[in-house]
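Dropping model-v9.cif in here (mmCIF, C-alpha atoms):
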data_work
loop_
_atom_site.label_atom_id
_atom_site.label_comp_id
_atom_site.auth_asym_id
_atom_site.auth_seq_id
_atom_site.Cartn_x
_atom_site.Cartn_y
_atom_site.Cartn_z
CA MET A 11 10.02 11.46 -81.67
CA THR A 12 12.02 14.66 -82.04
CA ASP A 13 9.32 16.81 -83.63
CA THR A 14 7.25 18.92 -81.25
CA PRO A 15 3.77 17.37 -80.99
CA ALA A 16 0.85 19.43 -82.27
CA PHE A 17 -0.66 19.35 -78.79
CA ALA A 18 2.39 21.03 -77.21
CA PRO A 19 0.72 24.45 -76.69
CA ARG A 20 -2.23 22.77 -74.95
CA PHE A 21 0.16 20.74 -72.83
CA GLU A 22 1.98 23.89 -71.75
CA ARG A 23 -1.27 25.57 -70.70
CA ALA A 24 -2.39 22.50 -68.78
CA PHE A 25 0.98 22.07 -67.07
CA ALA A 26 0.88 25.72 -66.01
CA LEU A 27 -2.34 24.93 -64.13
CA LEU A 28 -0.73 21.97 -62.36
CA ASN A 29 2.32 24.06 -61.51
CA ALA A 30 0.14 26.86 -60.13
CA SER A 31 -1.70 24.38 -57.91
CA VAL A 32 1.62 23.16 -56.53
CA ASN A 33 2.94 26.68 -56.00
CA ALA A 34 -0.27 27.60 -54.16
CA GLY A 35 0.27 24.72 -51.73
CA ARG A 36 -2.87 22.87 -52.84
CA ILE A 37 -0.97 19.67 -53.71
CA PRO A 38 2.64 18.64 -53.03
CA GLY A 39 3.43 17.65 -56.59
CA GLY A 40 2.33 16.01 -59.78
CA VAL A 41 3.16 14.68 -63.22
CA LEU A 42 1.26 15.51 -66.40
CA GLY A 43 1.60 13.26 -69.42
CA VAL A 44 -0.02 13.43 -72.84
CA ILE A 45 0.18 11.26 -75.97
CA ASP A 46 -1.48 11.36 -79.36
CA ARG A 47 -2.42 8.49 -81.61
CA ALA A 48 0.60 9.19 -83.85
CA GLY A 49 3.05 8.57 -81.02
CA GLY A 50 3.76 12.12 -79.86
CA ARG A 51 4.41 12.28 -76.13
CA MET A 52 5.14 14.91 -73.48
CA VAL A 53 5.66 14.24 -69.75
CA ARG A 54 6.66 16.79 -67.12
CA ALA A 55 6.87 16.84 -63.32
CA THR A 56 6.61 19.55 -60.70
CA GLY A 57 6.77 19.85 -56.93
CA TYR A 58 7.54 17.17 -54.40
CA ALA A 59 6.97 13.42 -54.30
CA GLN A 60 7.14 13.63 -50.52
CA ARG A 61 7.07 16.42 -47.94
CA VAL A 62 6.69 14.44 -44.68
CA PRO A 63 8.80 13.35 -42.84
CA HIS A 64 11.41 14.42 -45.41
CA GLU A 65 11.35 16.03 -48.83
CA ARG A 66 11.92 14.38 -52.20
CA GLU A 67 11.41 16.07 -55.54
CA MET A 68 8.84 14.80 -58.01
CA ARG A 69 10.29 13.23 -61.18
CA THR A 70 8.78 12.13 -64.45
CA ASP A 71 9.63 8.54 -63.50
CA THR A 72 8.10 8.75 -60.01
CA TRP A 73 5.83 5.82 -59.22
CA PHE A 74 2.28 6.49 -58.01
CA ASP A 75 -0.32 4.57 -56.09
CA LEU A 76 -2.87 4.61 -58.92
CA ALA A 77 -5.82 3.81 -56.60
CA SER A 78 -9.02 3.29 -58.62
CA LEU A 79 -7.19 3.40 -61.93
CA THR A 80 -6.61 -0.22 -60.90
CA LYS A 81 -10.25 -0.82 -61.80
CA VAL A 82 -9.79 0.14 -65.44
CA ILE A 83 -6.14 -0.59 -66.19
CA PHE A 84 -6.01 -3.98 -64.49
CA THR A 85 -9.35 -5.49 -63.43
CA THR A 86 -11.61 -4.31 -66.27
CA THR A 87 -9.01 -5.26 -68.86
CA ARG A 88 -8.58 -8.77 -67.40
CA ILE A 89 -12.32 -9.40 -67.13
CA LEU A 90 -13.00 -8.21 -70.69
CA GLU A 91 -10.11 -10.24 -72.10
CA LEU A 92 -11.50 -13.34 -70.40
CA ALA A 93 -14.92 -12.54 -71.84
CA LYS A 94 -13.38 -12.25 -75.32
CA GLU A 95 -11.78 -15.68 -74.82
CA GLY A 96 -15.12 -17.18 -73.78
CA VAL A 97 -13.97 -17.90 -70.22
CA ILE A 98 -16.47 -15.46 -68.67
CA ASP A 99 -20.01 -14.68 -69.77
CA LEU A 100 -20.51 -11.03 -68.82
CA ASP A 101 -24.26 -11.54 -68.37
CA ALA A 102 -23.84 -14.57 -66.13
CA PRO A 103 -24.02 -14.14 -62.35
CA LEU A 104 -20.83 -13.93 -60.33
CA THR A 105 -21.80 -17.24 -58.77
CA THR A 106 -20.49 -19.01 -61.89
CA LEU A 107 -17.04 -18.33 -60.42
CA LEU A 108 -18.04 -17.51 -56.84
CA PRO A 109 -20.60 -20.23 -56.03
CA ASP A 110 -20.22 -19.50 -52.32
CA LEU A 111 -21.46 -15.91 -52.65
CA ARG A 112 -24.30 -15.71 -50.07
CA GLN A 113 -24.32 -19.51 -50.15
CA TYR A 114 -26.69 -19.84 -47.18
CA ASP A 115 -29.49 -17.97 -48.92
CA PRO A 116 -30.17 -19.30 -52.46
CA ASP A 117 -32.62 -16.44 -53.11
CA ALA A 118 -30.28 -13.64 -52.03
CA TRP A 119 -30.15 -10.73 -54.48
CA GLU A 120 -26.34 -10.79 -54.38
CA ARG A 121 -26.41 -14.17 -56.13
CA GLN A 122 -28.10 -12.61 -59.17
CA VAL A 123 -25.49 -9.88 -59.74
CA THR A 124 -23.66 -10.25 -63.07
CA PHE A 125 -20.15 -9.42 -64.22
CA ARG A 126 -21.47 -6.73 -66.57
CA GLN A 127 -23.47 -5.09 -63.78
CA CYS A 128 -20.35 -4.93 -61.61
CA LEU A 129 -18.30 -3.43 -64.45
CA GLY A 130 -20.93 -0.71 -64.93
CA HIS A 131 -21.62 -0.12 -61.21
CA GLN A 132 -25.25 -1.11 -61.78
CA THR A 133 -25.65 -3.15 -58.60
CA PRO A 134 -27.33 -2.38 -55.23
CA PHE A 135 -24.08 -2.59 -53.26
CA PRO A 136 -23.33 0.39 -50.97
CA ALA A 137 -20.95 3.12 -52.08
CA VAL A 138 -18.47 2.63 -49.24
CA GLU A 139 -17.85 0.09 -46.50
CA PRO A 140 -14.98 0.15 -43.98
CA ILE A 141 -14.17 -3.54 -44.39
CA TYR A 142 -10.72 -3.02 -42.85
CA THR A 143 -12.33 -2.26 -39.48
CA TYR A 144 -13.47 -5.89 -39.22
CA GLY A 145 -9.92 -7.23 -38.88
CA ARG A 146 -6.65 -7.93 -40.65
CA ASP A 147 -7.12 -11.60 -41.58
CA ALA A 148 -7.32 -11.40 -45.38
CA ASP A 149 -8.90 -14.84 -45.81
CA LEU A 150 -11.50 -14.18 -43.14
CA LEU A 151 -12.33 -10.79 -44.68
CA ARG A 152 -12.88 -12.48 -48.04
CA ALA A 153 -15.34 -14.86 -46.40
CA PHE A 154 -17.02 -11.93 -44.65
CA ILE A 155 -17.52 -10.06 -47.92
CA LEU A 156 -18.92 -13.13 -49.66
CA GLN A 157 -21.33 -14.06 -46.83
CA ARG A 158 -22.44 -10.66 -45.62
CA ARG A 159 -26.07 -9.67 -46.13
CA TRP A 160 -25.42 -6.38 -47.91
CA GLU A 161 -27.85 -3.52 -47.55
CA LYS A 162 -29.61 -3.11 -50.88
CA GLY A 163 -29.76 0.41 -52.30
CA PRO A 164 -29.87 2.31 -55.59
CA PRO A 165 -27.02 1.69 -58.07
CA VAL A 166 -23.98 3.77 -57.11
CA TYR A 167 -20.26 3.71 -57.77
CA SER A 168 -19.09 1.02 -55.36
CA ASP A 169 -15.72 -0.60 -54.68
CA ILE A 170 -17.58 -3.78 -53.71
CA ASN A 171 -18.30 -4.41 -57.40
CA PHE A 172 -14.60 -4.57 -58.22
CA ILE A 173 -13.60 -6.35 -55.03
CA LEU A 174 -15.89 -9.17 -56.14
CA LEU A 175 -14.54 -9.09 -59.70
CA GLY A 176 -11.08 -9.40 -58.17
CA PHE A 177 -12.21 -12.43 -56.17
CA ALA A 178 -13.44 -14.00 -59.42
CA LEU A 179 -10.03 -13.48 -61.03
CA GLU A 180 -8.36 -15.05 -58.01
CA ARG A 181 -10.59 -18.12 -58.25
CA LEU A 182 -9.74 -18.56 -61.92
CA GLU A 183 -5.99 -18.23 -61.40
CA GLY A 184 -5.73 -19.92 -58.02
CA ASN A 185 -3.58 -17.02 -56.77
CA ARG A 186 -4.00 -13.78 -54.87
CA LEU A 187 -4.13 -10.69 -57.07
CA ARG A 188 -0.91 -9.41 -55.51
CA ASP A 189 0.84 -12.43 -57.09
CA PHE A 190 -0.48 -11.67 -60.60
CA ASP A 191 1.69 -10.10 -63.28
CA PRO A 192 -0.02 -6.69 -63.68
CA GLY A 193 1.66 -5.99 -67.02
CA PRO A 194 4.71 -4.04 -68.17
CA GLY A 195 5.39 -0.89 -66.21
CA PHE A 196 3.01 -1.77 -63.37
CA ALA A 197 3.34 -3.43 -59.96
CA PHE A 198 1.38 -3.99 -56.77
CA ALA A 199 4.07 -2.35 -54.62
CA ALA A 200 6.91 0.04 -55.36
CA ASP A 201 10.25 1.24 -54.04
CA PRO A 202 9.41 3.87 -51.38
CA GLU A 203 12.31 6.07 -52.50
CA LYS A 204 10.95 6.16 -56.05
CA THR A 205 7.25 6.54 -55.18
CA ALA A 206 5.03 9.52 -54.41
CA ALA A 207 3.97 9.42 -50.76
CA THR A 208 0.30 9.30 -49.86
CA GLU A 209 -1.25 9.64 -46.42
CA ASP A 210 0.03 9.65 -42.88
CA CYS A 211 -2.31 6.78 -42.03
CA THR A 212 -4.16 7.07 -38.72
CA TRP A 213 -4.45 3.29 -38.19
CA ARG A 214 -1.21 2.06 -39.75
CA HIS A 215 0.65 4.85 -37.93
CA ARG A 216 3.06 5.77 -40.72
CA VAL A 217 3.32 7.78 -43.91
CA LEU A 218 2.42 5.40 -46.71
CA CYS A 219 4.87 5.20 -49.57
CA GLY A 220 5.22 2.26 -51.93
CA GLU A 221 2.42 0.37 -50.18
CA VAL A 222 -1.24 0.65 -51.05
CA HIS A 223 -3.12 3.56 -49.51
CA ASP A 224 -6.63 2.11 -49.86
CA ASP A 225 -7.64 0.77 -46.45
CA ASN A 226 -9.72 -2.17 -47.69
CA CYS A 227 -7.14 -3.21 -50.26
CA SER A 228 -4.47 -3.19 -47.57
CA ALA A 229 -6.54 -5.34 -45.22
CA LEU A 230 -7.38 -7.78 -48.03
CA GLU A 231 -3.70 -7.93 -49.03
CA GLY A 232 -4.67 -7.10 -52.60
CA ALA A 233 -8.01 -6.46 -54.27
CA GLY A 234 -9.58 -5.65 -57.63
CA HIS A 235 -10.53 -2.06 -56.88
CA ALA A 236 -7.13 -0.61 -55.93
CA GLY A 237 -3.49 -1.47 -55.36
CA LEU A 238 -1.83 -0.90 -58.74
CA PHE A 239 1.32 1.24 -58.97
CA GLY A 240 2.78 2.80 -62.09
CA THR A 241 4.43 5.85 -63.62
CA ALA A 242 3.05 8.44 -66.00
CA ASN A 243 4.81 6.73 -68.88
CA SER A 244 3.41 3.31 -68.01
CA VAL A 245 -0.11 4.80 -67.86
CA LEU A 246 0.45 6.47 -71.24
CA ASP A 247 1.79 3.20 -72.67
CA PHE A 248 -1.48 1.57 -71.58
CA ALA A 249 -3.43 4.34 -73.34
CA ALA A 250 -1.33 3.84 -76.46
CA GLY A 251 -2.33 0.18 -76.36
CA LEU A 252 -5.99 1.22 -76.29
CA PHE A 253 -5.46 3.39 -79.38
CA ALA A 254 -3.78 0.46 -81.13
CA GLY A 255 -6.56 -1.91 -80.15
CA ASP A 256 -9.22 0.53 -81.28
CA ALA A 257 -7.54 0.84 -84.69
CA VAL A 258 -7.92 -2.90 -85.34
CA GLY A 259 -11.40 -3.26 -83.83
CA ASP A 260 -10.34 -5.10 -80.68
CA GLU A 261 -13.41 -6.37 -78.80
CA THR A 262 -11.99 -5.46 -75.40
CA VAL A 263 -11.48 -1.82 -76.35
CA ALA A 264 -14.88 -1.75 -78.07
CA LEU A 265 -16.55 -2.80 -74.80
CA MET A 266 -14.59 -0.18 -72.87
CA ARG A 267 -16.22 2.35 -75.20
CA THR A 268 -19.71 0.79 -75.10
CA PRO A 269 -22.12 2.73 -72.84
CA LEU A 270 -23.91 0.90 -70.05
CA SER A 271 -25.54 3.98 -68.57
CA GLU A 272 -25.57 7.75 -68.86
CA LYS A 273 -22.25 7.98 -67.02
CA ARG A 274 -20.52 4.66 -67.53
CA THR A 275 -19.20 2.13 -70.00
CA HIS A 276 -17.71 -1.26 -69.16
CA GLY A 277 -15.45 -0.18 -66.28
CA TRP A 278 -14.91 3.41 -67.39
CA GLU A 279 -16.68 6.75 -67.12
CA ARG A 280 -18.01 8.53 -70.20
CA PRO A 281 -18.65 12.28 -70.53
CA TYR A 282 -21.52 13.72 -68.50
CA GLU A 283 -22.23 17.12 -67.02
CA ASP A 284 -19.45 18.20 -64.65
CA TRP A 285 -17.40 15.02 -65.14
CA PRO A 286 -13.69 15.08 -64.19
CA GLY A 287 -12.53 15.13 -67.83
CA GLY A 288 -13.82 18.66 -68.35
CA ALA A 289 -16.64 20.20 -70.36
CA LEU A 290 -14.93 20.09 -73.75
CA THR A 291 -14.18 16.38 -74.18
CA SER A 292 -15.66 14.59 -77.19
CA ALA A 293 -18.37 11.97 -76.87
CA GLY A 294 -15.72 9.39 -77.77
CA THR A 295 -13.76 9.88 -74.54
CA ILE A 296 -13.48 7.49 -71.61
CA GLY A 297 -11.76 8.23 -68.33
CA HIS A 298 -11.35 7.36 -64.69
CA THR A 299 -9.91 8.89 -61.53
CA GLY A 300 -8.22 7.55 -58.40
CA PHE A 301 -8.69 8.74 -54.82
CA THR A 302 -4.98 9.37 -54.30
CA GLY A 303 -5.10 12.11 -56.95
CA THR A 304 -4.66 10.17 -60.19
CA GLY A 305 -6.56 10.10 -63.47
CA LEU A 306 -6.49 8.95 -67.10
CA TRP A 307 -8.63 10.12 -70.02
CA VAL A 308 -8.58 8.65 -73.54
CA ASP A 309 -10.23 10.58 -76.37
CA PHE A 310 -10.67 8.15 -79.27
CA ASP A 311 -12.40 10.70 -81.48
CA ASN A 312 -9.47 13.11 -81.39
CA GLY A 313 -6.68 10.59 -80.82
CA LEU A 314 -5.42 12.18 -77.60
CA ALA A 315 -4.90 10.78 -74.10
CA TRP A 316 -3.70 12.48 -70.94
CA THR A 317 -2.87 11.42 -67.42
CA LEU A 318 -2.69 13.68 -64.39
CA LEU A 319 -0.95 11.99 -61.46
CA THR A 320 -0.70 13.82 -58.13
CA ASN A 321 -0.15 13.01 -54.46
CA ARG A 322 -2.99 15.29 -53.37
CA ILE A 323 -3.68 13.31 -50.14
CA HIS A 324 -0.14 13.69 -48.82
CA PRO A 325 0.11 13.97 -45.89
CA THR A 326 -3.68 13.96 -45.31
CA ARG A 327 -6.92 13.57 -47.23
CA HIS A 328 -8.64 16.04 -44.90
CA PHE A 329 -7.72 19.12 -46.90
CA ASP A 330 -9.26 20.86 -49.89
CA SER A 331 -6.67 20.14 -52.57
CA GLY A 332 -8.82 21.50 -55.39
CA ILE A 333 -8.19 18.32 -57.38
CA ALA A 334 -11.70 18.22 -58.88
CA ALA A 335 -11.40 21.68 -60.42
CA LEU A 336 -7.80 21.01 -61.51
CA ARG A 337 -8.77 17.85 -63.36
CA GLN A 338 -11.54 19.62 -65.22
CA ALA A 339 -9.37 22.60 -66.07
CA VAL A 340 -6.61 20.35 -67.39
CA GLY A 341 -9.15 18.46 -69.50
CA ASP A 342 -10.50 21.70 -70.91
CA CYS A 343 -6.97 22.81 -71.82
CA MET A 344 -6.35 19.56 -73.64
CA ASN A 345 -9.53 19.98 -75.66
CA ALA A 346 -9.54 23.74 -76.24
CA GLY A 347 -7.74 23.46 -79.60
#
The structure in this file should be written as structure tokens.
Amino acid sequence: MTDTPAFAPRFERAFALLNASVNAGRIPGGVLGVIDRAGGRMVRATGYAQRVPHEREMRTDTWFDLASLTKVIFTTTRILELAKEGVIDLDAPLTTLLPDLRQYDPDAWERQVTFRQCLGHQTPFPAVEPIYTYGRDADLLRAFILQRRWEKGPPVYSDINFILLGFALERLEGNRLRDFDPGPGFAFAADPEKTAATEDCTWRHRVLCGEVHDDNCSALEGAGHAGLFGTANSVLDFAAGLFAGDAVGDETVALMRTPLSEKRTHGWERPYEDWPGGALTSAGTIGHTGFTGTGLWVDFDNGLAWTLLTNRIHPTRHFDSGIAALRQAVGDCMNAG
């Protein structure tokens, strides 16, 4: 499209915020991309894809470790497509595909958890668990996760939900997730020279680039909560597919938009006070973020989607990058009119 999109002024204001964050040394670099339902698109990069141990400039085609965007772009989509095909009943327990989940205790609460509850983070699983500290044998770690007596707590956002959904997909396909085709423009590893670097990992003893940053995903050699790589354009292409699906009443997209709680739909977040998408997003917006500094928001009401991809944890996560405020400010720019 040669015409300047109507959202161009908003894009410029939002990109100025990203550029200012880079110039202030808060993050090494980033890419901002925006599309509208009509096909207009703008993508721009700033800063560095890598600073340590050498420098590489950020490009619009730089690959990113998308982190928890894996949950919505890959795992949620696959689970909902299988539900649409009648392969999975979302209200059935995970044990329909994972019969060995807590197999030594038939009354264990974990055996009652459903696919829909995992998609909406409505389970008692803990928020975080350093599974990688229990070893590097991926098969043994899978058995550990399935047989562990998990501490029951209030529903919170938990990677365990999507790790288990990933296990279910593996059982159906008979392959590890890392051997799946993640779709056009995506991969489960990337060329280090074309990828934004993440952390100088304290236990892998190297700067991670092109390999998954998430510790548990690395130890499991692929998992449903993290591990996907892609570019800004591939993320925007995915969003364009959601717009197209929404236009024809696709059941998968409809479920992505269907609330399960005050903050969540099937897989995605929906607007709530102080959410990462900003204060001005419409009620018809869904979004998600990734720990590495990534995010995608899709506003169905206004036909606009934007992705902010950064390497905010390079070379360390132990630094105030200001990513939370940046995400909200970018979202407000995109919705300020």
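Across the structure, atom CA of Val44 of chain A and atom CA of Ala315 of chain A are spaced 5.7 Å apart.
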For the interface of segment 83-144 of chain A with segment 239-263 of chain A (cut-off 9 Å, counting only C-alpha atoms), please tabulate each contacting residue of segment 83-144 of chain A alongside its nearest pair of atoms and their separation in Å to one decimal, rows sorted by chain and increasing number, as CSV.
residue,atom,partner,partner_atom,distance
A:Ile83,CA,A:Phe248,CA,7.4
A:Thr87,CA,A:Thr262,CA,7.2
A:Leu90,CA,A:Thr262,CA,5.5
A:Glu91,CA,A:Thr262,CA,6.1
A:Ala93,CA,A:Thr262,CA,8.4
A:Lys94,CA,A:Glu261,CA,6.8
Run the PyMOL selection byres ((chain A and resi 221) around 8) on the file and write out the hits as a PyMOL selection string.
chain A and resi 75+198-200+202+218-220+222-223
Apply the PyMOL selection byres ((chain A and resi 337-342) around 10) to the structure shown and report the selected residues as a ChimeraX atom specification. /A:20-21,23-28,42,284-291,299,303-307,315-319,332-336,343-347
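The residue that comes closest to Phe135 of chain A, out of A:Gly277, A:Gly163, A:Pro15, A:Pro63 and on the basis of all atoms listed in the file, is A:Gly163.
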- Message: (-12.9, -0.8, -46.7) in this file's frame - what residues fall within 12 Å of it? Use only C-alpha atoms and give the answer as a PyMOL selection string.
- Response: chain A and resi 136-146+151-152+155+168-170+173+223-233+235-236
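Here atom CA of Arg158 of chain A stands at a distance of 21.8 Å from atom CA of Gly130 of chain A.
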